[in-house]
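Please read the structure below before turning to the comments.
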There are 2 protein chains.
Amino acid sequence: MSLIVTGSIGIDTIETPDGTKADSVLGGSSIYFAAAASYFGDVRLVGAVGEDFPEEFINTFKHFDVDTTGLEVRKGSKTFRWHGKYMENMNDRETISVDLNVLAEALPPVPEIYKDSEYVFLANTHPAGQMALLDNFPKTKLVVADTMDLWINTEKETLMALLAKIDGLVLNDSEAELLTGESNVIIAADKILEMGPKFVVVKKGAHGAYLRHADGFCAIPAFPAKTVNDPTGAGDSFAGGMMGYLTAADDISFATLRKAIAYGTVVASFNIEDFSLGRMETLKRDELDSRYESFCGMLRI
Amino acid sequence: MSLIVTGSIGIDTIETPDGTKADSVLGGSSIYFAAAASYFGDVRLVGAVGEDFPEEFINTFKHFDVDTTGLEVRKGSKTFRWHGKYMENMNDRETISVDLNVLAEALPPVPEIYKDSEYVFLANTHPAGQMALLDNFPKTKLVVADTMDLWINTEKETLMALLAKIDGLVLNDSEAELLTGESNVIIAADKILEMGPKFVVVKKGAHGAYLRHADGFCAIPAFPAKTVNDPTGAGDSFAGGMMGYLTAADDISFATLRKAIAYGTVVASFNIEDFSLGRMETLKRDELDSRYESFCGMLRI
């Protein structure tokens with residue numbers, strides 16, 4: 001099976017309420033996704049960075065054995081940068097500065113050898129860009145997209161066209177409410193299914209996730225985490241764990257999706273233990289499996 | 001086994017965002033608790049109301065077969081009244097008016113025949129009152145209390161003395177944070193265990209509940225509910241279902257507590273479907289068991 005992710009690659013500066021600051025660390029939706037998905041099999045990456053992209057970050061891709069054929073280092077461009085600060089609750093955050101840089105330019109080309117990809121994750125970007133990228137993959141078995149409030153507010157029509165073309169959508173609870181006008185997550189998820197996707201996963205951060213699938217529904221809590229040092233990328237690593245598991249299983253049934261969101265939950269619980277990919281770089285598959293078993297055991301009532 | 005609840009009995013007026021208003025309906029923490037617990041066995045009630053307490057509300061007690069030997073109709077007093085309005089999210093609410101009335105007077109006496117009660121739930125009231133009531137029960141197997149932000153803010157010392165005497169505490173996530181100064185619910189629950197109780201249940205409304213027990217921990221989601229017409233009493237019916245199940249099982253092990261909070265979750269999901277005890281009055285035990293099985297099945301990943 002072949003899993004591909006298209007999304008942002010960035011240089012992040014992250015501040016947390018205890019005064020810690022991680023300066024210019026590796027970030028971006030596709031990076032967190034790819035690292036998480038790599039525990040289940042090969043991951044192909046499509047994304048662009050600028051000339052300023054640090055050499056050592058490439059070593060991180062190598063560590064996770066991510067296929068970087070689709071990584072474009074664009075001459076004359078700068079890498080996407082984000083500087084954010086978390087509030088006391090470690091859930092809400094404010095953006096101190098954001099420089100789109102290469103993300104505001106043309107999409108990176110999709111290498112020919114990637115075009116047979118069957119499992120596709122379109123990480124959050126302009127929905128027109130997501131659609132253009134999707135056109136490169138004629139043999140898909142599963143296409144899942146993420147989105148954000150910005151596109152729901154400014155590009156609703158394009159987003160609705162995208163929703164008609166994809167199999168699954170992953171988004172936050174506040175985004176689900178914004179998209180549907182419905183504050184009850186359970187009803188909002190039903191309404192999203194009417195927009196096209198066969199399933200939707202509503203992420204609720206520390207409160208878990210809700211899966212609505214054509215064949216059923218499933219709410220799960222987050223893994224009870226005491227160590228939360230940096231929530232950045234939690235949603236992306238959740239999606240990476242989920243898609244990685246689905247790709248390895250080569251199955252998108254409701255039963256497999258439930259296992260996939262449980263794996264996504266557990267990967268995310270490791271990701272938030274350290275800044276950037278700090279914890280993921282030391283995480284072993286058997287630790288992941290062991291926490292997955294604990295998590296499922298906790299839920300067996 | 002014998003389960004007793006001491007707490008408020010009130011006349012509520014409830015407004016919801018769609019413009020619905022339930023005027024002067026039966027309410028109060030011990031009422032929601034007793035109705036929920038009644039599905040598992042007998043429930044004894046200790047509480048006081050005023051002369052204005054409507055006769056038809058007594059019929060509701062009879063419907064749930066609640067033992068009202070401990071119900072005092074106090075001459076010259078008025079029943080506790082609360083008028084609240086829910087916000088658009090059906091979670092936050094504002095109190096429009098509150099009249100303590102009989103709740104501000106002397107505690108109701110505990111009937112002699114109640115003093116052999118083994119399972120005791122001290123619904124939310126002044127912690128000194130909770131301690132005074134507790135002194136009436138020398139044969140307890142399990143004492144669980146609820147509390148609220150008011151007492152954490154104004155009666156912390158008395159509350160801490162109560163915590164040293166009880167087995168379990170039930171409270172909201174915001175109250176857990178207020179009590180411990182810790183915004184991470186998982187850590188806050190650990191800290192509460194250090195204050196005395198053998199277990200704590202942190203209620204998170206639509207986001208489920210977290211159980212921390214000396215022998216383990218368990219996070220569960222809420223039952224995915226599309227019909228939320230009145231969240232009043234959700235926490236009390238949760239506690240009632242939990243305590244009712246524990247009393248019937250006559251066991252307070254971690255394994256049984258997990259089943260108990262799942263039953264509490266499911267009872268609460270019915271309670272919120274209608275105003276006051278509207279839905280509870282039509283609820284049958286087999287409906288409850290059937291939704292419990294669905295809930296546990298959903299969590300078997």
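Going by the structure tokens order, chains are called A, B, ..., each with residues numbered from 1, while ligands are numbered from 1 in the order shown.
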
Practice task
Pick out each residue of region 157-286 of chain B that DSSP on the backbone tags as strand (DSSP E); I need them as a VMD selection string.
Solution key: chain B and resid 168 to 172 199 to 203 209 to 213 216 to 220

Exercise for the section: Write out as a ChimeraX atom specification which residues come within 9 Å of Ser30 (chain B) when counting only C-alpha atoms, dropping same-chain ones fewer than 3 positions away. Expected result: /B:5-9,27,33-35,45-47,122-124,236-237,240

Using the selection just defined, write its residues with C-alpha atoms as an mmCIF file, in the first residue's frame.
```cif
data_model
loop_
_atom_site.group_PDB
_atom_site.id
_atom_site.type_symbol
_atom_site.label_atom_id
_atom_site.label_comp_id
_atom_site.auth_asym_id
_atom_site.auth_seq_id
_atom_site.Cartn_x
_atom_site.Cartn_y
_atom_site.Cartn_z
ATOM 1 C CA VAL B 5 -29.169 10.770 49.197
ATOM 2 C CA THR B 6 -29.231 14.093 50.978
ATOM 3 C CA GLY B 7 -29.471 17.248 48.909
ATOM 4 C CA SER B 8 -31.645 19.947 47.446
ATOM 5 C CA ILE B 9 -35.221 19.653 46.270
ATOM 6 C CA GLY B 27 -35.818 20.076 40.285
ATOM 7 C CA PHE B 33 -30.105 11.674 41.717
ATOM 8 C CA ALA B 34 -32.950 9.667 43.268
ATOM 9 C CA ALA B 35 -34.807 9.183 39.981
ATOM 10 C CA LEU B 45 -34.248 10.687 50.468
ATOM 11 C CA VAL B 46 -33.484 13.326 53.089
ATOM 12 C CA GLY B 47 -34.519 16.848 52.211
ATOM 13 C CA LEU B 122 -24.030 13.826 49.982
ATOM 14 C CA ALA B 123 -25.317 15.965 47.127
ATOM 15 C CA ASN B 124 -23.954 19.466 46.840
ATOM 16 C CA ASP B 236 -26.861 14.556 39.465
ATOM 17 C CA SER B 237 -28.434 11.807 37.379
ATOM 18 C CA GLY B 240 -27.446 8.666 40.804
#
```

Show me, as an mmCIF file with C-alpha atoms, in the first residue's frame, every residue of chain A with an atom at most 10 Å from chain B, counting only C-alpha atoms.
```
data_model
loop_
_atom_site.group_PDB
_atom_site.id
_atom_site.type_symbol
_atom_site.label_atom_id
_atom_site.label_comp_id
_atom_site.auth_asym_id
_atom_site.auth_seq_id
_atom_site.Cartn_x
_atom_site.Cartn_y
_atom_site.Cartn_z
ATOM 1 C CA GLU A 88 -2.514 28.540 30.540
ATOM 2 C CA ASN A 89 -4.915 25.691 29.641
ATOM 3 C CA MET A 90 -2.426 24.373 27.001
ATOM 4 C CA GLU A 182 -24.661 23.323 14.555
ATOM 5 C CA SER A 183 -23.108 23.445 18.033
ATOM 6 C CA ASN A 184 -23.981 19.819 18.867
ATOM 7 C CA VAL A 185 -20.992 17.865 17.505
ATOM 8 C CA ILE A 186 -23.064 14.722 16.941
ATOM 9 C CA ILE A 187 -25.599 16.541 14.753
ATOM 10 C CA ALA A 188 -22.860 18.579 13.048
ATOM 11 C CA ASP A 190 -24.368 14.005 10.534
ATOM 12 C CA LYS A 204 -11.809 17.663 20.364
ATOM 13 C CA ALA A 206 -7.986 16.910 25.289
ATOM 14 C CA HIS A 207 -11.627 15.763 25.067
ATOM 15 C CA GLY A 208 -11.048 13.058 22.461
ATOM 16 C CA ALA A 209 -12.610 12.502 19.064
ATOM 17 C CA TYR A 210 -15.912 11.615 17.459
ATOM 18 C CA GLY A 216 -22.094 3.863 12.677
ATOM 19 C CA PHE A 217 -20.592 6.269 15.163
ATOM 20 C CA CYS A 218 -17.930 6.147 17.849
ATOM 21 C CA ALA A 219 -16.839 8.641 20.511
ATOM 22 C CA ILE A 220 -13.520 8.068 22.226
ATOM 23 C CA PRO A 221 -11.745 10.063 24.930
ATOM 24 C CA ALA A 222 -8.204 11.332 24.618
ATOM 25 C CA PHE A 223 -5.552 9.192 26.260
ATOM 26 C CA PRO A 224 -5.283 10.548 29.847
ATOM 27 C CA ALA A 225 -2.048 12.508 29.484
ATOM 28 C CA LYS A 226 -0.180 14.098 32.360
ATOM 29 C CA THR A 227 2.761 15.221 30.252
ATOM 30 C CA VAL A 228 1.648 17.958 27.884
ATOM 31 C CA ALA A 255 -14.433 -1.492 12.513
ATOM 32 C CA THR A 256 -10.961 -0.694 11.153
ATOM 33 C CA LEU A 257 -11.597 3.045 11.324
ATOM 34 C CA ARG A 258 -12.357 2.725 15.047
ATOM 35 C CA LYS A 259 -9.007 1.038 15.611
ATOM 36 C CA ALA A 260 -7.380 3.696 13.425
ATOM 37 C CA ILE A 261 -8.715 6.607 15.494
ATOM 38 C CA ALA A 262 -7.598 4.833 18.664
ATOM 39 C CA GLU A 293 -3.388 -1.840 24.379
ATOM 40 C CA PHE A 295 -6.036 2.603 25.975
ATOM 41 C CA CYS A 296 -8.295 -0.079 24.514
ATOM 42 C CA GLY A 297 -8.190 -1.949 27.831
ATOM 43 C CA MET A 298 -9.291 1.180 29.679
ATOM 44 C CA LEU A 299 -12.305 1.406 27.359
ATOM 45 C CA ARG A 300 -13.317 -2.258 27.755
ATOM 46 C CA ILE A 301 -15.963 -1.793 30.442
#
```

Exercise for the section: Considering only C-alpha atoms, return as an MDAnalysis selection string whatever protein or nucleic-acid residues lie within 12 Å of Ala48 (chain A), sequence-local ones (same chain, fewer than 3 positions apart) excluded. Expected result: chainID A and resid 6:10 28 30:31 45 51:53 68:75 77:80 100:110

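Minimum atom-to-atom distances from B:Met160, B:Leu171, B:Val66, B:Leu26 to Gly235 (chain B) were compared using only C-alpha atoms, and the lowest value belongs to B:Leu171.
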
Problem - Spatial neighbours of region 138-141 of chain B, max dist 6 Å, only C-alpha atoms, sep filter under 5 positions, as an MDAnalysis selection string - result: chainID B and resid 116 118:119

Please, could you write that set of residues out with C-alpha atoms as a PDB file, in the first residue's frame?
```
ATOM      1  CA  ASP B 116     -28.343   1.981  58.984  1.00  0.00           C
ATOM      2  CA  GLU B 118     -24.538   1.841  53.940  1.00  0.00           C
ATOM      3  CA  TYR B 119     -24.255   3.770  50.691  1.00  0.00           C
TER       4      TYR B 119
END
```

Problem - Residue among A:Asn229, A:Glu175, A:Gly168, A:Ser97 lying closest to Pro17 (chain A), counting only C-alpha atoms - result: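 Nearest candidate to Pro17 (chain A) out of A:Asn229, A:Glu175, A:Gly168, A:Ser97: A:Asn229.
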